[in-house]
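Coordinates as given in coords-v4.pdb (PDB, C-alpha atoms and all ligand atoms):
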ATOM      1  CA  MET A   1     -99.671 170.839 -32.593
ATOM      2  CA  LYS A   2     -98.729 171.732 -29.045
ATOM      3  CA  LYS A   3     -97.186 168.816 -27.135
ATOM      4  CA  ASP A   4     -98.044 167.948 -23.528
ATOM      5  CA  GLN A   5     -95.152 167.993 -21.062
ATOM      6  CA  VAL A   6     -95.794 164.346 -20.333
ATOM      7  CA  ILE A   7     -93.787 161.141 -20.637
ATOM      8  CA  ALA A   8     -96.051 158.237 -21.599
ATOM      9  CA  LEU A   9     -94.509 154.926 -20.566
ATOM     10  CA  ASP A  10     -96.640 152.030 -21.767
ATOM     11  CA  GLY A  11     -96.070 148.306 -21.888
ATOM     12  CA  PRO A  12     -97.249 144.904 -20.667
ATOM     13  CA  SER A  13     -97.271 143.840 -17.036
ATOM     14  CA  GLY A  14     -93.895 143.062 -15.565
ATOM     15  CA  SER A  15     -91.895 145.007 -18.146
ATOM     16  CA  GLY A  16     -90.383 147.170 -15.398
ATOM     17  CA  LYS A  17     -92.402 150.305 -16.137
ATOM     18  CA  SER A  18     -93.001 151.393 -12.573
ATOM     19  CA  THR A  19     -89.385 150.965 -11.447
ATOM     20  CA  VAL A  20     -88.145 152.947 -14.431
ATOM     21  CA  ALA A  21     -90.893 155.596 -14.186
ATOM     22  CA  LYS A  22     -90.199 156.284 -10.514
ATOM     23  CA  LEU A  23     -86.504 156.853 -11.168
ATOM     24  CA  VAL A  24     -87.134 159.055 -14.205
ATOM     25  CA  ALA A  25     -89.569 161.116 -12.126
ATOM     26  CA  GLN A  26     -86.934 161.595  -9.417
ATOM     27  CA  GLU A  27     -84.228 162.516 -11.879
ATOM     28  CA  LEU A  28     -86.351 165.039 -13.794
ATOM     29  CA  ASN A  29     -88.518 166.219 -10.918
ATOM     30  CA  LEU A  30     -91.783 165.119 -12.515
ATOM     31  CA  ILE A  31     -94.992 163.885 -10.923
ATOM     32  CA  TYR A  32     -95.157 160.098 -11.177
ATOM     33  CA  ILE A  33     -98.534 158.477 -11.797
ATOM     34  CA  ASP A  34     -98.905 154.712 -11.570
ATOM     35  CA  THR A  35    -102.123 154.231 -13.562
ATOM     36  CA  GLY A  36    -102.133 150.469 -12.956
ATOM     37  CA  ALA A  37    -102.556 151.227  -9.246
ATOM     38  CA  MET A  38    -105.596 153.329 -10.130
ATOM     39  CA  PHE A  39    -107.159 150.471 -12.134
ATOM     40  CA  ARG A  40    -106.373 148.146  -9.260
ATOM     41  CA  ALA A  41    -108.053 150.494  -6.771
ATOM     42  CA  VAL A  42    -111.207 150.576  -8.866
ATOM     43  CA  ALA A  43    -111.126 146.774  -9.187
ATOM     44  CA  TYR A  44    -110.761 146.429  -5.423
ATOM     45  CA  ALA A  45    -113.626 148.836  -4.842
ATOM     46  CA  LEU A  46    -115.999 147.063  -7.228
ATOM     47  CA  GLN A  47    -115.170 143.494  -6.214
ATOM     48  CA  HIS A  48    -118.300 142.915  -4.121
ATOM     49  CA  THR A  49    -120.841 144.569  -6.391
ATOM     50  CA  GLY A  50    -121.911 141.237  -7.885
ATOM     51  CA  ILE A  51    -121.218 142.523 -11.403
ATOM     52  CA  GLU A  52    -119.836 139.934 -13.794
ATOM     53  CA  PHE A  53    -116.879 141.762 -15.289
ATOM     54  CA  THR A  54    -115.792 138.811 -17.410
ATOM     55  CA  LYS A  55    -118.738 139.476 -19.749
ATOM     56  CA  SER A  56    -117.668 141.197 -22.939
ATOM     57  CA  LYS A  57    -120.338 143.878 -22.553
ATOM     58  CA  LEU A  58    -121.993 145.135 -19.385
ATOM     59  CA  ASP A  59    -125.775 145.607 -19.095
ATOM     60  CA  PRO A  60    -126.996 149.208 -18.827
ATOM     61  CA  ALA A  61    -128.115 148.436 -15.255
ATOM     62  CA  ASP A  62    -124.564 147.378 -14.329
ATOM     63  CA  GLU A  63    -123.139 150.473 -15.957
ATOM     64  CA  GLN A  64    -125.529 152.599 -13.932
ATOM     65  CA  LYS A  65    -124.505 150.806 -10.739
ATOM     66  CA  ILE A  66    -120.866 151.571 -11.518
ATOM     67  CA  GLN A  67    -121.603 155.228 -12.300
ATOM     68  CA  ASP A  68    -123.496 155.514  -9.014
ATOM     69  CA  PHE A  69    -120.563 153.987  -7.170
ATOM     70  CA  PHE A  70    -118.175 156.530  -8.734
ATOM     71  CA  HIS A  71    -120.561 159.285  -7.818
ATOM     72  CA  HIS A  72    -120.791 158.305  -4.151
ATOM     73  CA  HIS A  73    -117.187 157.415  -3.424
ATOM     74  CA  ARG A  74    -113.953 159.303  -3.611
ATOM     75  CA  PHE A  75    -110.761 157.862  -5.047
ATOM     76  CA  GLN A  76    -107.516 159.716  -4.453
ATOM     77  CA  PHE A  77    -104.102 159.105  -5.941
ATOM     78  CA  ALA A  78    -101.131 159.764  -3.606
ATOM     79  CA  PRO A  79    -103.125 161.958  -1.184
ATOM     80  CA  GLN A  80    -100.256 161.877   1.329
ATOM     81  CA  PRO A  81     -96.755 160.401   1.642
ATOM     82  CA  GLY A  82     -96.831 156.619   1.950
ATOM     83  CA  VAL A  83    -100.374 156.336   0.564
ATOM     84  CA  LEU A  84    -100.400 155.410  -3.112
ATOM     85  CA  VAL A  85    -104.122 155.221  -3.559
ATOM     86  CA  GLN A  86    -107.092 155.741  -1.303
ATOM     87  CA  LEU A  87    -110.831 155.007  -1.408
ATOM     88  CA  ASP A  88    -112.799 157.322   0.865
ATOM     89  CA  ASN A  89    -110.677 156.990   4.019
ATOM     90  CA  LEU A  90    -109.282 153.561   3.258
ATOM     91  CA  ASN A  91    -105.612 153.192   2.325
ATOM     92  CA  LEU A  92    -105.453 150.649  -0.530
ATOM     93  CA  THR A  93    -101.672 150.722  -1.095
ATOM     94  CA  ASP A  94    -101.066 147.102  -0.075
ATOM     95  CA  VAL A  95    -104.346 145.336  -0.857
ATOM     96  CA  ILE A  96    -104.229 146.307  -4.541
ATOM     97  CA  ARG A  97    -101.142 144.067  -4.981
ATOM     98  CA  GLU A  98    -103.038 140.903  -4.070
ATOM     99  CA  HIS A  99    -103.331 138.315  -6.790
ATOM    100  CA  HIS A 100    -107.128 138.392  -7.113
ATOM    101  CA  VAL A 101    -107.041 142.176  -7.480
ATOM    102  CA  SER A 102    -104.521 141.866 -10.356
ATOM    103  CA  ARG A 103    -106.867 139.501 -12.156
ATOM    104  CA  LEU A 104    -109.922 141.635 -11.551
ATOM    105  CA  ALA A 105    -108.088 144.810 -12.637
ATOM    106  CA  SER A 106    -107.397 143.196 -15.983
ATOM    107  CA  GLN A 107    -111.073 142.178 -16.318
ATOM    108  CA  ILE A 108    -112.627 145.519 -15.384
ATOM    109  CA  SER A 109    -110.217 147.416 -17.625
ATOM    110  CA  LYS A 110    -111.935 146.285 -20.800
ATOM    111  CA  HIS A 111    -115.146 148.163 -19.994
ATOM    112  CA  LYS A 112    -115.607 151.615 -21.425
ATOM    113  CA  VAL A 113    -117.541 153.012 -18.457
ATOM    114  CA  ILE A 114    -114.513 152.219 -16.292
ATOM    115  CA  ARG A 115    -111.870 153.428 -18.760
ATOM    116  CA  ASP A 116    -113.737 156.736 -19.151
ATOM    117  CA  PHE A 117    -113.714 157.282 -15.396
ATOM    118  CA  LEU A 118    -110.014 156.391 -15.227
ATOM    119  CA  ALA A 119    -109.164 158.672 -18.163
ATOM    120  CA  HIS A 120    -110.808 161.607 -16.455
ATOM    121  CA  TRP A 121    -109.140 160.817 -13.125
ATOM    122  CA  GLN A 122    -105.691 160.497 -14.738
ATOM    123  CA  ARG A 123    -105.946 163.762 -16.677
ATOM    124  CA  SER A 124    -107.282 165.624 -13.666
ATOM    125  CA  ILE A 125    -104.236 164.678 -11.581
ATOM    126  CA  VAL A 126    -101.811 165.938 -14.212
ATOM    127  CA  GLU A 127    -103.608 169.192 -15.002
ATOM    128  CA  ASP A 128    -100.821 171.145 -16.682
ATOM    129  CA  ARG A 129     -97.913 169.867 -14.647
ATOM    130  CA  PRO A 130     -94.954 167.936 -16.063
ATOM    131  CA  ALA A 131     -95.530 164.257 -15.369
ATOM    132  CA  ILE A 132     -94.604 160.692 -16.195
ATOM    133  CA  LEU A 133     -97.427 158.153 -16.349
ATOM    134  CA  ASP A 134     -97.007 154.431 -16.728
ATOM    135  CA  GLY A 135     -99.801 152.286 -18.118
ATOM    136  CA  ARG A 136    -101.154 150.686 -21.258
ATOM    137  CA  ASP A 137    -102.837 153.463 -23.238
ATOM    138  CA  ILE A 138    -101.123 156.638 -22.069
ATOM    139  CA  GLY A 139     -99.464 157.402 -25.404
ATOM    140  CA  THR A 140    -102.399 156.224 -27.522
ATOM    141  CA  VAL A 141    -105.468 157.528 -25.649
ATOM    142  CA  ILE A 142    -104.814 159.506 -22.470
ATOM    143  CA  PHE A 143    -102.044 161.825 -23.687
ATOM    144  CA  PRO A 144    -101.702 161.319 -27.447
ATOM    145  CA  ASN A 145     -99.708 164.585 -27.573
ATOM    146  CA  ALA A 146     -97.154 163.500 -24.971
ATOM    147  CA  VAL A 147     -93.729 164.853 -25.843
ATOM    148  CA  VAL A 148     -92.085 161.463 -25.096
ATOM    149  CA  LYS A 149     -93.741 158.087 -25.714
ATOM    150  CA  VAL A 150     -91.940 154.887 -24.876
ATOM    151  CA  PHE A 151     -93.251 151.346 -25.146
ATOM    152  CA  LEU A 152     -91.329 149.103 -22.775
ATOM    153  CA  THR A 153     -91.230 145.406 -23.617
ATOM    154  CA  ALA A 154     -89.565 142.169 -22.505
ATOM    155  CA  SER A 155     -90.347 138.560 -23.332
ATOM    156  CA  ALA A 156     -93.101 136.885 -21.305
ATOM    157  CA  GLU A 157     -90.471 134.458 -19.910
ATOM    158  CA  GLU A 158     -88.244 137.286 -18.720
ATOM    159  CA  ARG A 159     -91.181 139.090 -17.103
ATOM    160  CA  ALA A 160     -92.405 135.901 -15.420
ATOM    161  CA  LEU A 161     -88.927 135.264 -14.058
ATOM    162  CA  ARG A 162     -88.733 138.771 -12.575
ATOM    163  CA  ARG A 163     -92.163 138.349 -10.984
ATOM    164  CA  PHE A 164     -91.176 134.929  -9.630
ATOM    165  CA  GLU A 165     -88.002 136.352  -8.046
ATOM    166  CA  GLU A 166     -89.966 139.274  -6.618
ATOM    167  CA  LEU A 167     -92.539 137.000  -4.978
ATOM    168  CA  LYS A 168     -89.792 134.714  -3.665
ATOM    169  CA  ALA A 169     -87.993 137.695  -2.138
ATOM    170  CA  ARG A 170     -91.244 138.587  -0.373
ATOM    171  CA  GLY A 171     -91.491 135.045   0.981
ATOM    172  CA  GLN A 172     -94.473 134.166  -1.234
ATOM    173  CA  THR A 173     -93.378 130.790  -2.507
ATOM    174  CA  GLU A 174     -96.806 129.306  -3.327
ATOM    175  CA  HIS A 175     -96.684 130.425  -6.999
ATOM    176  CA  ASP A 176     -94.479 128.363  -9.306
ATOM    177  CA  PHE A 177     -92.788 129.769 -12.411
ATOM    178  CA  GLN A 178     -95.065 128.020 -14.914
ATOM    179  CA  SER A 179     -98.269 129.315 -13.345
ATOM    180  CA  ILE A 180     -96.868 132.859 -13.239
ATOM    181  CA  LEU A 181     -95.888 132.581 -16.908
ATOM    182  CA  LYS A 182     -99.354 131.341 -17.812
ATOM    183  CA  ASP A 183    -100.912 134.214 -15.894
ATOM    184  CA  ILE A 184     -98.717 136.799 -17.624
ATOM    185  CA  LYS A 185     -99.608 135.395 -21.052
ATOM    186  CA  GLU A 186    -103.312 135.495 -20.228
ATOM    187  CA  ARG A 187    -103.114 139.076 -19.002
ATOM    188  CA  ASP A 188    -101.164 140.094 -22.136
ATOM    189  CA  HIS A 189    -103.846 138.531 -24.253
ATOM    190  CA  GLU A 190    -106.635 140.315 -22.359
ATOM    191  CA  ASP A 191    -104.806 143.654 -22.457
ATOM    192  CA  MET A 192    -103.975 143.418 -26.172
ATOM    193  CA  THR A 193    -107.278 142.157 -27.519
ATOM    194  CA  ARG A 194    -109.796 144.309 -25.671
ATOM    195  CA  GLU A 195    -111.831 146.649 -27.844
ATOM    196  CA  SER A 196    -111.477 149.710 -25.660
ATOM    197  CA  ALA A 197    -107.927 151.158 -25.632
ATOM    198  CA  PRO A 198    -105.964 147.921 -26.156
ATOM    199  CA  LEU A 199    -102.323 147.692 -25.203
ATOM    200  CA  LYS A 200    -100.228 148.674 -28.221
ATOM    201  CA  ARG A 201     -97.332 150.892 -29.149
ATOM    202  CA  ALA A 202     -98.331 154.388 -30.282
ATOM    203  CA  VAL A 203     -97.442 154.863 -33.958
ATOM    204  CA  ASP A 204     -95.066 157.645 -32.931
ATOM    205  CA  GLY A 205     -93.809 155.803 -29.822
ATOM    206  CA  LEU A 206     -90.357 154.289 -29.424
ATOM    207  CA  GLU A 207     -90.039 150.659 -28.437
ATOM    208  CA  LEU A 208     -87.510 149.915 -25.711
ATOM    209  CA  ASP A 209     -86.784 146.224 -25.155
ATOM    210  CA  SER A 210     -85.702 145.829 -21.542
ATOM    211  CA  THR A 211     -84.330 142.288 -22.012
ATOM    212  CA  GLY A 212     -80.673 142.377 -21.040
ATOM    213  CA  LYS A 213     -80.713 146.104 -20.201
ATOM    214  CA  THR A 214     -80.039 147.515 -16.768
ATOM    215  CA  ILE A 215     -82.486 149.824 -15.017
ATOM    216  CA  PRO A 216     -80.051 152.812 -15.103
ATOM    217  CA  GLU A 217     -79.636 152.326 -18.874
ATOM    218  CA  MET A 218     -83.376 152.485 -19.442
ATOM    219  CA  VAL A 219     -83.763 155.492 -17.151
ATOM    220  CA  GLN A 220     -80.982 157.318 -18.988
ATOM    221  CA  PHE A 221     -82.557 156.548 -22.367
ATOM    222  CA  ILE A 222     -85.828 158.213 -21.319
ATOM    223  CA  VAL A 223     -84.128 161.121 -19.528
ATOM    224  CA  ASN A 224     -82.138 161.837 -22.714
ATOM    225  CA  LEU A 225     -85.277 161.788 -24.859
ATOM    226  CA  TRP A 226     -86.962 164.254 -22.514
ATOM    227  CA  ASN A 227     -83.961 166.564 -22.452
ATOM    228  CA  GLU A 228     -83.724 166.523 -26.257
ATOM    229  CA  ARG A 229     -87.402 167.236 -26.761
ATOM    230  CA  LYS A 230     -88.500 169.486 -23.964
ATOM    231  CA  GLY A 231     -86.998 172.445 -25.793
ATOM    232  CA  SER A 232     -89.762 172.063 -28.384
ATOM    233  CA  LEU A 233     -92.540 172.573 -25.803
TER     234      LEU A 233
HETATM  235  O1  LIG A 301     -99.744 147.826 -14.493
HETATM  236  P1  LIG A 301    -100.578 146.941 -13.595
HETATM  237  O2  LIG A 301    -100.257 145.483 -13.727
HETATM  238  O3  LIG A 301    -100.567 147.403 -12.158
HETATM  239  O4  LIG A 301    -102.092 147.114 -14.129
HETATM  240  C1  LIG A 301    -103.165 146.354 -13.632
HETATM  241  C2  LIG A 301    -104.207 146.138 -14.733
HETATM  242  O5  LIG A 301    -104.829 147.379 -15.075
HETATM  243  C3  LIG A 301    -103.677 145.569 -16.038
HETATM  244  O6  LIG A 301    -103.981 144.203 -16.182
HETATM  245  C4  LIG A 301    -104.380 146.316 -17.131
HETATM  246  C5  LIG A 301    -105.011 147.492 -16.464
HETATM  247  N1  LIG A 301    -104.481 148.774 -16.919
HETATM  248  C6  LIG A 301    -105.006 149.318 -18.061
HETATM  249  O7  LIG A 301    -105.852 148.705 -18.702
HETATM  250  N2  LIG A 301    -104.601 150.552 -18.471
HETATM  251  C7  LIG A 301    -103.661 151.228 -17.787
HETATM  252  N3  LIG A 301    -103.286 152.439 -18.207
HETATM  253  C8  LIG A 301    -103.084 150.663 -16.629
HETATM  254  C9  LIG A 301    -103.513 149.423 -16.222
END
Before we go any further, please render this structure as structure tokens.
Amino acid sequence: MKKDQVIALDGPSGSGKSTVAKLVAQELNLIYIDTGAMFRAVAYALQHTGIEFTKSKLDPADEQKIQDFFHHHRFQFAPQPGVLVQLDNLNLTDVIREHHVSRLASQISKHKVIRDFLAHWQRSIVEDRPAILDGRDIGTVIFPNAVVKVFLTASAEERALRRFEELKARGQTEHDFQSILKDIKERDHEDMTRESAPLKRAVDGLELDSTGKTIPEMVQFIVNLWNERKGSL
């Protein structure tokens, strides 16, 4: 079967996917697509609709409301330098990093009507161009024929520590380590147990444990895989 010229980089939150993906994209001259940012943008956009996303299944009326929203609004990924994601004319680059948006993104992502919209949006950005996408279901659902599939992991403690240091560096000291760890474990649970496209390693994906590895080592690992395999495209 023909492979897609795509690198699928999946893994739980805080595993370092976006840092690694950006550098791989630079090194190999690929388009980089941060699919988490796209889920976050949709979460931000739907936050005041009154829909209860924590429910395991949405009512048909809610689904229709969401479809109508998608129909009447325009989401754009990286429409111009410095803008990661945009809704109509609103730049969402910074607001999607807020804590409540992270939580809501995890909740909305279990609903099929939303995942279908996201799947279509993600594939339409790539078209036939070489790309690296980071997310949860890139290697399993979005691009099952990706030429390289890597599942990046790290222990919950390690990921919580990185997040804690990152927030501290930004001057956000109101979150303590234990609450960040709890949050990461809850999000892992939500991501791994949802019915629609749960977070898991693709059967033909390679697991890369980032614990104790440097960023350049991980980047090199993926660059090497791409260089070995792209000849088969
Ligand atoms: O990678 P991130 O933390 O920015 O992603 C935010 C949320 O979006 C995450 O909790 C799960 C969801 N997500 C997803 O379900 N599938 C993806 N491909 C990317 C993100």
Checklist entry - Using all atoms listed in the file, which residues sit within 12 Å of A:Gln5 once same-chain residues fewer than 4 positions away are excluded, as a PyMOL selection string? => result chain A and resi 28+30-31+126-133+143-149+226-227+229-233
Could you tell me which residues the PyMOL selection byres (((not hetatm)) within 7 of (chain A and resi 301)) grabs in this file, written as a PDB file with C-alpha atoms, in the coordinates of the input?
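File part-v3.pdb, as written:
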ATOM      1  CA  SER A  13     -97.271 143.840 -17.036  1.00  0.00           C
ATOM      2  CA  THR A  35    -102.123 154.231 -13.562  1.00  0.00           C
ATOM      3  CA  GLY A  36    -102.133 150.469 -12.956  1.00  0.00           C
ATOM      4  CA  ALA A  37    -102.556 151.227  -9.246  1.00  0.00           C
ATOM      5  CA  PHE A  39    -107.159 150.471 -12.134  1.00  0.00           C
ATOM      6  CA  ARG A  40    -106.373 148.146  -9.260  1.00  0.00           C
ATOM      7  CA  SER A 102    -104.521 141.866 -10.356  1.00  0.00           C
ATOM      8  CA  ARG A 103    -106.867 139.501 -12.156  1.00  0.00           C
ATOM      9  CA  ALA A 105    -108.088 144.810 -12.637  1.00  0.00           C
ATOM     10  CA  SER A 106    -107.397 143.196 -15.983  1.00  0.00           C
ATOM     11  CA  SER A 109    -110.217 147.416 -17.625  1.00  0.00           C
ATOM     12  CA  LYS A 110    -111.935 146.285 -20.800  1.00  0.00           C
ATOM     13  CA  ASP A 134     -97.007 154.431 -16.728  1.00  0.00           C
ATOM     14  CA  GLY A 135     -99.801 152.286 -18.118  1.00  0.00           C
ATOM     15  CA  ARG A 136    -101.154 150.686 -21.258  1.00  0.00           C
ATOM     16  CA  ASP A 137    -102.837 153.463 -23.238  1.00  0.00           C
ATOM     17  CA  ILE A 138    -101.123 156.638 -22.069  1.00  0.00           C
ATOM     18  CA  ARG A 187    -103.114 139.076 -19.002  1.00  0.00           C
ATOM     19  CA  ASP A 191    -104.806 143.654 -22.457  1.00  0.00           C
TER      20      ASP A 191
END
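Using the PyMOL selection byres (((chain A and resi 99) around 12) and not hetatm) on this structure selects Arg40, Ala43, Tyr44, Asp94, Val95, Ile96, Arg97, Glu98, His100, Val101, Ser102, Arg103, Leu104, Ala105, Ser106, Arg163, Leu167, Gln172, Glu174, His175, Ile180, Asp183 and Ile184 of chain A.
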Item to check | All residues 12 Å or closer to A:Ala61, all atoms listed in the file, same chain fewer than 4 positions away omitted, as a PyMOL selection string | outcome: chain A and resi 51-52+57+65-68+113
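Compared by their closest atoms to A:Ser15, and using all atoms listed in the file, the residues A:Glu190, A:Lys213, A:Leu152, A:Lys182 rank with A:Leu152 nearest.
Comparing the minimum interatomic distances between A:Val141 and each of A:Ser179, A:Gln107, A:Ser196, A:Gln86, counting all atoms listed in the file, we find that A:Ser196 sits nearest.
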Give me the residues near A:Pro79 as a PDB file with C-alpha atoms, in the coordinates of the input, where near means some atom within 12 Å (using only C-alpha atoms) and where sequence neighbours in that chain fewer than 5 positions away do not count.
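Output saved as result-v2.pdb:
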ATOM      1  CA  ARG A  74    -113.953 159.303  -3.611  1.00  0.00           C
ATOM      2  CA  LEU A  84    -100.400 155.410  -3.112  1.00  0.00           C
ATOM      3  CA  VAL A  85    -104.122 155.221  -3.559  1.00  0.00           C
ATOM      4  CA  GLN A  86    -107.092 155.741  -1.303  1.00  0.00           C
ATOM      5  CA  LEU A  87    -110.831 155.007  -1.408  1.00  0.00           C
ATOM      6  CA  ASP A  88    -112.799 157.322   0.865  1.00  0.00           C
ATOM      7  CA  ASN A  89    -110.677 156.990   4.019  1.00  0.00           C
ATOM      8  CA  LEU A  90    -109.282 153.561   3.258  1.00  0.00           C
ATOM      9  CA  ASN A  91    -105.612 153.192   2.325  1.00  0.00           C
ATOM     10  CA  LEU A  92    -105.453 150.649  -0.530  1.00  0.00           C
ATOM     11  CA  THR A  93    -101.672 150.722  -1.095  1.00  0.00           C
ATOM     12  CA  ILE A 125    -104.236 164.678 -11.581  1.00  0.00           C
TER      13      ILE A 125
END
Checklist entry - Taking (-90.1, 156.2, -11.7) in the file's coordinates as the center, which residues reach within 9 Å of it, counting only C-alpha atoms, put as a ChimeraX atom specification? => result /A:17-27,32-34,132-134,219
Next on the checklist: For a test of reading the model, state the distance in Å between atom CA of A:Pro81 and atom CA of A:Ala119, rounded to one decimal.
Outcome noted: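 Pair atom CA of A:Pro81 / atom CA of A:Ala119 returns 23.4 Å.
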Checklist entry - So how far away is atom CA of A:Glu63 from atom CA of A:Pro12, in Å? => result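 Result for atom CA of A:Pro12 versus atom CA of A:Glu63: 26.9 Å, one decimal.
We find atom CA of A:Met218 and atom CA of A:Gly16 to be spaced 9.7 Å apart.
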Next on the checklist: When you count all atoms listed in the file, which of these residues is closest to A:Pro198: A:His73, A:Arg115, A:Lys185, A:Arg123?
Outcome noted: A:Arg115
Next on the checklist: Running the PyMOL selection byres (((chain A and resi 56) around 9) and not hetatm) on this model by hand, what would come out? Give it as an MDAnalysis selection string.
Outcome noted: chainID A and resid 53:55 57:58 110:111 194
Identify, on the basis of only C-alpha atoms, every residue whose closest approach to A:Ala160 does not exceed 8 Å; exclude the query and any residue fewer than 4 positions from it along the same chain; express the result as an mmCIF file with C-alpha atoms, in the frame of the given file.
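Produced file around_39.cif, reproduced below:
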data_model
loop_
_atom_site.group_PDB
_atom_site.id
_atom_site.type_symbol
_atom_site.label_atom_id
_atom_site.label_comp_id
_atom_site.auth_asym_id
_atom_site.auth_seq_id
_atom_site.Cartn_x
_atom_site.Cartn_y
_atom_site.Cartn_z
ATOM 1 C CA GLY A 14 -93.895 143.062 -15.565
ATOM 2 C CA ALA A 156 -93.101 136.885 -21.305
ATOM 3 C CA PHE A 164 -91.176 134.929 -9.630
ATOM 4 C CA PHE A 177 -92.788 129.769 -12.411
ATOM 5 C CA ILE A 180 -96.868 132.859 -13.239
ATOM 6 C CA LEU A 181 -95.888 132.581 -16.908
ATOM 7 C CA ILE A 184 -98.717 136.799 -17.624
#
Checklist entry - Quick one: residues within 12 Å of A:Leu206, only C-alpha atoms counted, chain neighbours fewer than 3 positions away excluded, as a ChimeraX atom specification? => result /A:7-11,139,147-153,200-203,209,221-222,225
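For the residues A:Leu208, A:Asn29, A:Leu199, A:Arg159, ranking by smallest atom-to-atom distance to A:Gln178 using all atoms listed in the file places A:Arg159 first.
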Next on the checklist: Under the rule that all atoms listed in the file are counted, which of A:Phe117, A:Gln64, A:Arg170, A:Met38 is the nearest residue to A:Ala78?
Outcome noted: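 Of all the options, A:Met38 lies closest to A:Ala78.
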Would you compute the box with edges along x, y and z of the file around stretch 2-19 of chain A, including every atom the file lists for it and 3 Å extra on each side, and give its centre and edge lengths in Å to one decimal, as lines of an AutoDock Vina configuration file?
center_x = -94.1
center_y = 157.4
center_z = -20.2
size_x = 15.3
size_y = 34.7
size_z = 23.6
